[in-house]
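Structure record follows, encoded as structure tokens.
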Amino acid sequence: MKKAEYTRLEEAREGKIGWKKWGPYLSERQWGTVREDYSENGDAWNFFTHDHARSRAYRWGEDGLAGISDDKQRLCFALALWNGKDPILKERLFGLTNSEGNHGEDVKEYYFYLDSTPTHSYMKYLYKYPHAAYPYADLVDTNRSRSRHEMEYELLDTGAFSDDRYFDVFVEYAKDGAEDILAKITVANRGPDAAELHVLPTLWFRNDWAPWIAKSNRADQKPNLKQIKAAAGTNAVAVSHPSLGEFVLACEGEVPLLFTENDTNSARLFPGQNNASPYVKDGINNYVVDGSRDAVNPEKQGTKVAAHYRLMVEPGQSTSVRLRLTNQAAVRERGKPKTAATVFGGPFDKIFDARQQEADDFYQAVIPPSVSPDEAGVMRQALAGMLWSKQYFFFDGDNWLDEHNTNPLHSGYQKGRNSEWFHMLNEDIISMPDKWEYPWYAAWDLAFHTLPLAIVDPDFAKEQMKLMLKGTYLHPSGQMPAYEWNFSDVNPPVHAFATLFLLRTEQAQRGAMDVDFLRETFNKLVLNFTWWVNRKDRFGKNVFEGGFLGLDNISVFDRSAPLPTGGHLEQADGTAWMSLFSQNMLELAIALAAHDRTYEDMVFKFAEHFYYIAMAMNKTGQDGMWDEEDGFYYDLLRLPDGSATRLKVRSMVGLLPLCATTVIEKAQRESIPGTLAQIFERLRRMPELKKSIHPTGVGHFGVEERGILSMVNPERLRRILTKMLDENEFLSPYGIRSLSKFHEKHPFVFHVEGQEFRVDYLPGESDSGMFGGNSNWRGPIWVPVNTMIIRALLNFYLYYGDSFKIECPTGSGVMMNLFEVSREIAGRLIRIFTRDENGQRAVYGGEQTFQSDPQWREYILFYEYFHGDNGAGLGASHQTGWTGIVAKLIELFGFMDAEKLLKEGKKSAFALRTKAT
């Protein structure tokens with residue numbers, strides 16, 4: 001029988017029912033973002049602060065606690081709380097700005113994404129709220145006083161949760177229809193005494209009516225909320241929006257409804273200014289916390305409303321409140337008159353029970369039956385985090401630059417942040433790295449997000465991939481926007497890899513390749529590839545730069561800034577990424593050529609690029625990135641006089657050339673015989689092109705007559721792997737480190753004009769302010785690049801089978817084939833999150849509350865990166881984005897059969913699931 005959630009996904013894909021119109025699309029921090037920054041010096045953190053957020057209307061988006069909105073964020077719903085002691089309502093998450101934290105910006109709250117289906121038919125979220133006053137000042141002051149060599153000061157360290165005096169606040173949503181959304185808020189008192197909690201479910205409109213909104217984005221008519229007559233035992237709010245339509249929010253119980261406007265309280269923030277209305281954004285806060293009775297509208301209408309529940313919860317007990325947001329047109333169409341009994345009676349609970357069961361059924365089909373219950377729990381929470389981290393992102397480059405007088409379309413403009421991106425109009429639901437630390441998209445993060453998202457919703461994953469290639473995102477030059485702080489920065493070009501992955505996954509799941517998606521993405525990726533070749537290969541030598549390339553402080557120098565030596569860097573990672581880009585484009589072109597033979601020329605084009613790049617990168621001697629003595633790849637520092645020296649830092653930069661490896665199946669070659677002949681003729685005429693790469697072709701085919709494209713030949717492969725699998729170098733108990741532990745005793749030091757630059761092995765947080773925040777590639781473990789290494793090892797295994805074995809770990813005497821090595825690395829990554837033999841999760845290090853307390857120990861946080869020696873989570877604590885790839889690893893090695901993989905190759909690699917999808 002077809003699973004209900006799969007039916008909803010089909011209906012959404014076919015455009016029959018808009019099941020995804022409503023979802024968790026609210027940011028968890030809109031304050032401190034670039035879009036809201038109108039300062040003269042570009043200081044986003046201090047221009048729009050957390051203190052301003054409760055009183056100041058946003059221009060470009062909204063934020064909230066455990067919130068939802070429609071897909072254009074016209075109407076928002078979220079939770080506000082007050083424990084009777086805090087100086088403000090808890091309406092949004094608090095955290096430290098980049099300058100306040102001793103290791104950069106950091107959210108200082110405990111919240112968890114527990115569950116979600118891909119259509120958001122069921123969602124569950126947990127927020128932990130102390131009984132005592134939230135220690136805002138203590139967190140800021142103590143962290144500011146700590147050095148980079150000290151640990152961050154966390155909320156648990158403040159004593160706010162002592163004696164279990166806190167509330168667990170669970171927020172759940174269930175859909176009875178695409179626009180009939182049930183909400184249940186359950187408050188559990190974990191403390192020893194009865195405690196009161198003010199619970200304020202809040203509904204409001206994003207402000208698009210204010211005079212400061214650009215005319216092209218300003219609504220013609222202001223929306224409205226007002227209290228209406230409701231069935232006995234309930235209260236209700238009528239919602240009227242000119243484009244969204246009419247809704248009703250029903251609230252269980254005859255609870256007071258507090259109305260105000262989502263307009264700035266100018267009188268509070270800007271001395272001397274007056275408010276246009278007495279009812280402003282923080283009116284509900286001022287009413288509840290300060291007792292200002294005239295702060296809310298007695299006429300019971302406005303653009304923001306909260307139902308005010310006061311709950312006294314006994315120790316160890318819980319209580320719930322229920323609400324329902326319903327599109328009135330949908331109600332009339334379904335012919336279901338709403339009474340208190342039908343809104344909040346037995347049917348309400350039955351809908352929740354049904355959606356929870358359907359979510360269980362869905363994940364039973366998704367999660368491999370062979371994995372442990374602990375791994376299954378990690379995988380489900382990872383996917384929940386991915387699905388909760390969707391966010392509506394709105395940025396109109398033309399208008400934003402106009403407002404800053406930095407639009408180059410107008411005379412007299414001043415060049416400013418993102419001036420060259422005036423063409424951008426982003427107004428989409430986007431998968432975010434983290435809706436607090438990073439409530440803005442990042443291009444290479446997003447490509448990695450699609451891997452786990454494809455497990456549960458391949459349609460959404462494909463939509464995300466297409467976004468960065470749309471004309472309203474992709475620069476006319478072909479550059480992809482990197483991220484909001486600097487769209488012109490450069491992220492690694494992994495989108496062709498992700499596109500190929502999505503195509504094959506969907507082909508395995510649905511039995512056919514989406515040729516329209518293939519053609520659309522390929523043509524745009526050609527533009528991006530051309531941008532790289534023209535802009536990042538400085539002298540046309542087929543070696544590439546790119547700047548920081550997402551690896552932040554991995555280099556001895558800041559790769560995004562002018563070098564203190566002058567000259568430039570020829571980057572091993574940038575060149576390796578471009579080699580992989582070439583291989584991925586070649587495979588996409590082969591797939592397209594099966595439908596349109598004119599694409600065969602593109603196969604030849606990208607084969608040429610691969611050979612040229614490999615030849616340039618594999619040079620030996622002082623002009624090459626390969627160091628024969630060390631058996632490793634390094635960045636090359638090219639000085640102004642043309643001389644060069646290798647920067648001998650053993651880092652992920654030198655491992656990434658492994659990732660530029662692609663297996664070519666016999667069937668792929670047979671589909672392009674003419675092009676294949678052209679390629680071999682080119683190699684016959686220019687034999688130097690294949691001199692240093694992995695041998696392939698007649699006499700060098702692997703298992704099942706597979707060919708291989710790899711810039712790393714067998715000897716170099718073995719030498720690199722010997723270092724990578726050495727536990728005294730790269731191999732941690734929890735994955736592959738970003739920097740070799742060799743540098744713990746042997747730091748790399750470089751002197752320039754009396755200055756010393758150095759790289760030390762730092763398994764935890766960075767002690768450098770080079771990038772000013774939680775970014776450290778000098779020892780910690782990062783899941784996305786580990787995943788690329790695992791992919792490369794599986795490709796090598798497809799080629800070699802059991803004929804290539806290596807000691808793993810180095811020096812152990814244990815010989816493994818490369819499938820076993822890839823499984824070993826994946827297992828170490830997964831062990832970051834799962835319990836060890838002592839019941840401890842490495843991700844939580846020595847924090848015993850998370851390790852042993854039954855109210856904490858089952859909840860997983862997916863950090864940005866992990867300690868290189870002990871696996872503890874570091875950096876952003878909710879970056880389920882690319883760290884959510886752990887769900888893909890659990891699925892991959894839960895379903896994958898090595899023998900079948902070797903026999904069937906790529907077909908088997910993507911056809912993982914045995915259950916109907």
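Identifiers for the structure tokens are assigned positionally: chains receive A, B, ... in sequence, residues are indexed from 1 per chain, and ligands are indexed from 1 in the order shown.
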Task: Expected answer as a list in words: strand (DSSP E) residues in range 421-620 of chain A - done: Leu425, Asn426, Glu427, Asp428, Ile429, Ile430, Ser431, His568, Leu569 and Glu570 of chain A
Task: Selection: 8 Å around range 303-311 of chain A, only C-alpha atoms, excl. self and same-chain fewer than 3 positions, as a PyMOL selection string - done: chain A and resi 196-205+223-225+251+255-262+281+284+319
Residues just named, written with C-alpha atoms as a compact mmCIF listing (two decimals), in the first residue's frame:
```
# COMPACT_ATOMS: atom_id res chain seq x y z
CA GLU A 196 4.19 29.23 35.92
CA LEU A 197 4.90 29.80 32.24
CA HIS A 198 3.30 32.38 29.98
CA VAL A 199 2.84 30.77 26.56
CA LEU A 200 2.10 33.20 23.72
CA PRO A 201 1.55 31.61 20.31
CA THR A 202 1.91 34.58 17.97
CA LEU A 203 0.56 35.28 14.49
CA TRP A 204 1.73 38.25 12.41
CA PHE A 205 2.27 39.60 8.91
CA PRO A 223 -3.48 43.13 5.72
CA ASN A 224 -5.44 42.79 8.94
CA LEU A 225 -5.99 40.54 11.94
CA CYS A 251 -7.27 29.06 19.95
CA VAL A 255 -7.81 32.93 26.15
CA PRO A 256 -7.06 36.68 25.96
CA LEU A 257 -5.94 37.85 22.51
CA LEU A 258 -3.39 40.69 22.47
CA PHE A 259 -3.23 42.79 19.30
CA THR A 260 -0.60 45.25 18.09
CA GLU A 261 1.13 46.27 14.83
CA ASN A 262 4.29 44.88 13.29
CA LYS A 281 6.05 45.63 17.35
CA ILE A 284 2.78 42.55 23.41
CA THR A 319 0.12 20.46 29.99
```
Output as a Markdown table one row per residue of range 333-439 of chain A within 7 Å of range 61-75 of chain A: the closest atom pair and its distance in Å to one decimal place, counting only C-alpha atoms, sorted by chain and residue number ascending.
```
| residue | atom | partner | partner_atom | distance |
| --- | --- | --- | --- | --- |
| A:Tyr392 | CA | A:Gln73 | CA | 6.6 |
| A:Phe394 | CA | A:Gly61 | CA | 6.6 |
| A:Ile429 | CA | A:Asp71 | CA | 6.5 |
```
Nearby residues (only C-alpha atoms) at most 8 Å from Phe544 in chain A, same-chain spacing under 5 positions excluded, as a PDB file with C-alpha atoms, in the first residue's frame:
```
ATOM      1  CA  LYS A 536      40.589  31.848 -11.780  1.00  0.00           C
ATOM      2  CA  ASP A 537      43.295  30.521 -14.098  1.00  0.00           C
ATOM      3  CA  ARG A 538      45.356  33.679 -13.974  1.00  0.00           C
ATOM      4  CA  GLU A 570      48.454  28.294  -7.342  1.00  0.00           C
ATOM      5  CA  GLN A 571      46.072  26.242  -5.234  1.00  0.00           C
ATOM      6  CA  ALA A 572      46.086  22.467  -5.033  1.00  0.00           C
ATOM      7  CA  GLY A 574      41.234  24.900  -6.449  1.00  0.00           C
ATOM      8  CA  THR A 575      42.928  22.901  -9.194  1.00  0.00           C
ATOM      9  CA  MET A 578      38.328  22.046 -11.293  1.00  0.00           C
TER      10      MET A 578
END
```
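One finds CA of Thr810 in chain A at 7.7 Å from CA of Lys723 in chain A.
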Could you list, as a short mmCIF file (atom, residue, chain, number, x, y, z; two decimals) with N, CA and C atoms, in the first residue's frame, every residue within 10 Å of Ile806 in chain A, counting only C-alpha atoms and ignoring same-chain residues fewer than 3 positions away?
```cif
data_model
loop_
_atom_site.label_atom_id
_atom_site.label_comp_id
_atom_site.auth_asym_id
_atom_site.auth_seq_id
_atom_site.Cartn_x
_atom_site.Cartn_y
_atom_site.Cartn_z
N ARG A 718 48.81 5.39 -3.39
CA ARG A 718 49.28 4.63 -2.22
C ARG A 718 50.04 5.52 -1.25
N LEU A 721 47.48 7.84 0.53
CA LEU A 721 46.66 7.08 1.47
C LEU A 721 47.45 6.65 2.69
N THR A 722 48.72 6.35 2.52
CA THR A 722 49.55 5.97 3.67
C THR A 722 49.57 7.08 4.71
N LEU A 725 45.76 7.62 6.17
CA LEU A 725 45.27 6.57 7.05
C LEU A 725 46.17 6.36 8.27
N PRO A 809 44.42 1.00 10.00
CA PRO A 809 45.27 2.21 9.94
C PRO A 809 46.71 1.87 9.56
N THR A 810 47.43 2.86 9.06
CA THR A 810 48.84 2.68 8.71
C THR A 810 49.61 2.15 9.92
N GLY A 813 49.00 -3.38 10.43
CA GLY A 813 49.08 -4.72 9.88
C GLY A 813 47.78 -5.23 9.29
N VAL A 814 46.71 -4.44 9.40
CA VAL A 814 45.40 -4.81 8.86
C VAL A 814 45.29 -4.29 7.44
N MET A 815 45.09 -5.21 6.49
CA MET A 815 44.98 -4.83 5.09
C MET A 815 43.51 -4.77 4.70
N MET A 816 43.13 -3.70 4.02
CA MET A 816 41.74 -3.49 3.60
C MET A 816 41.69 -3.14 2.13
N ASN A 817 40.61 -3.57 1.46
CA ASN A 817 40.35 -3.01 0.14
C ASN A 817 39.73 -1.64 0.33
N LEU A 818 39.53 -0.91 -0.75
CA LEU A 818 39.12 0.49 -0.61
C LEU A 818 37.65 0.65 -0.25
N GLU A 820 36.35 -1.26 2.08
CA GLU A 820 36.48 -1.40 3.53
C GLU A 820 37.07 -0.15 4.16
N VAL A 821 38.00 0.49 3.46
CA VAL A 821 38.56 1.74 3.96
C VAL A 821 37.49 2.82 4.01
#
```
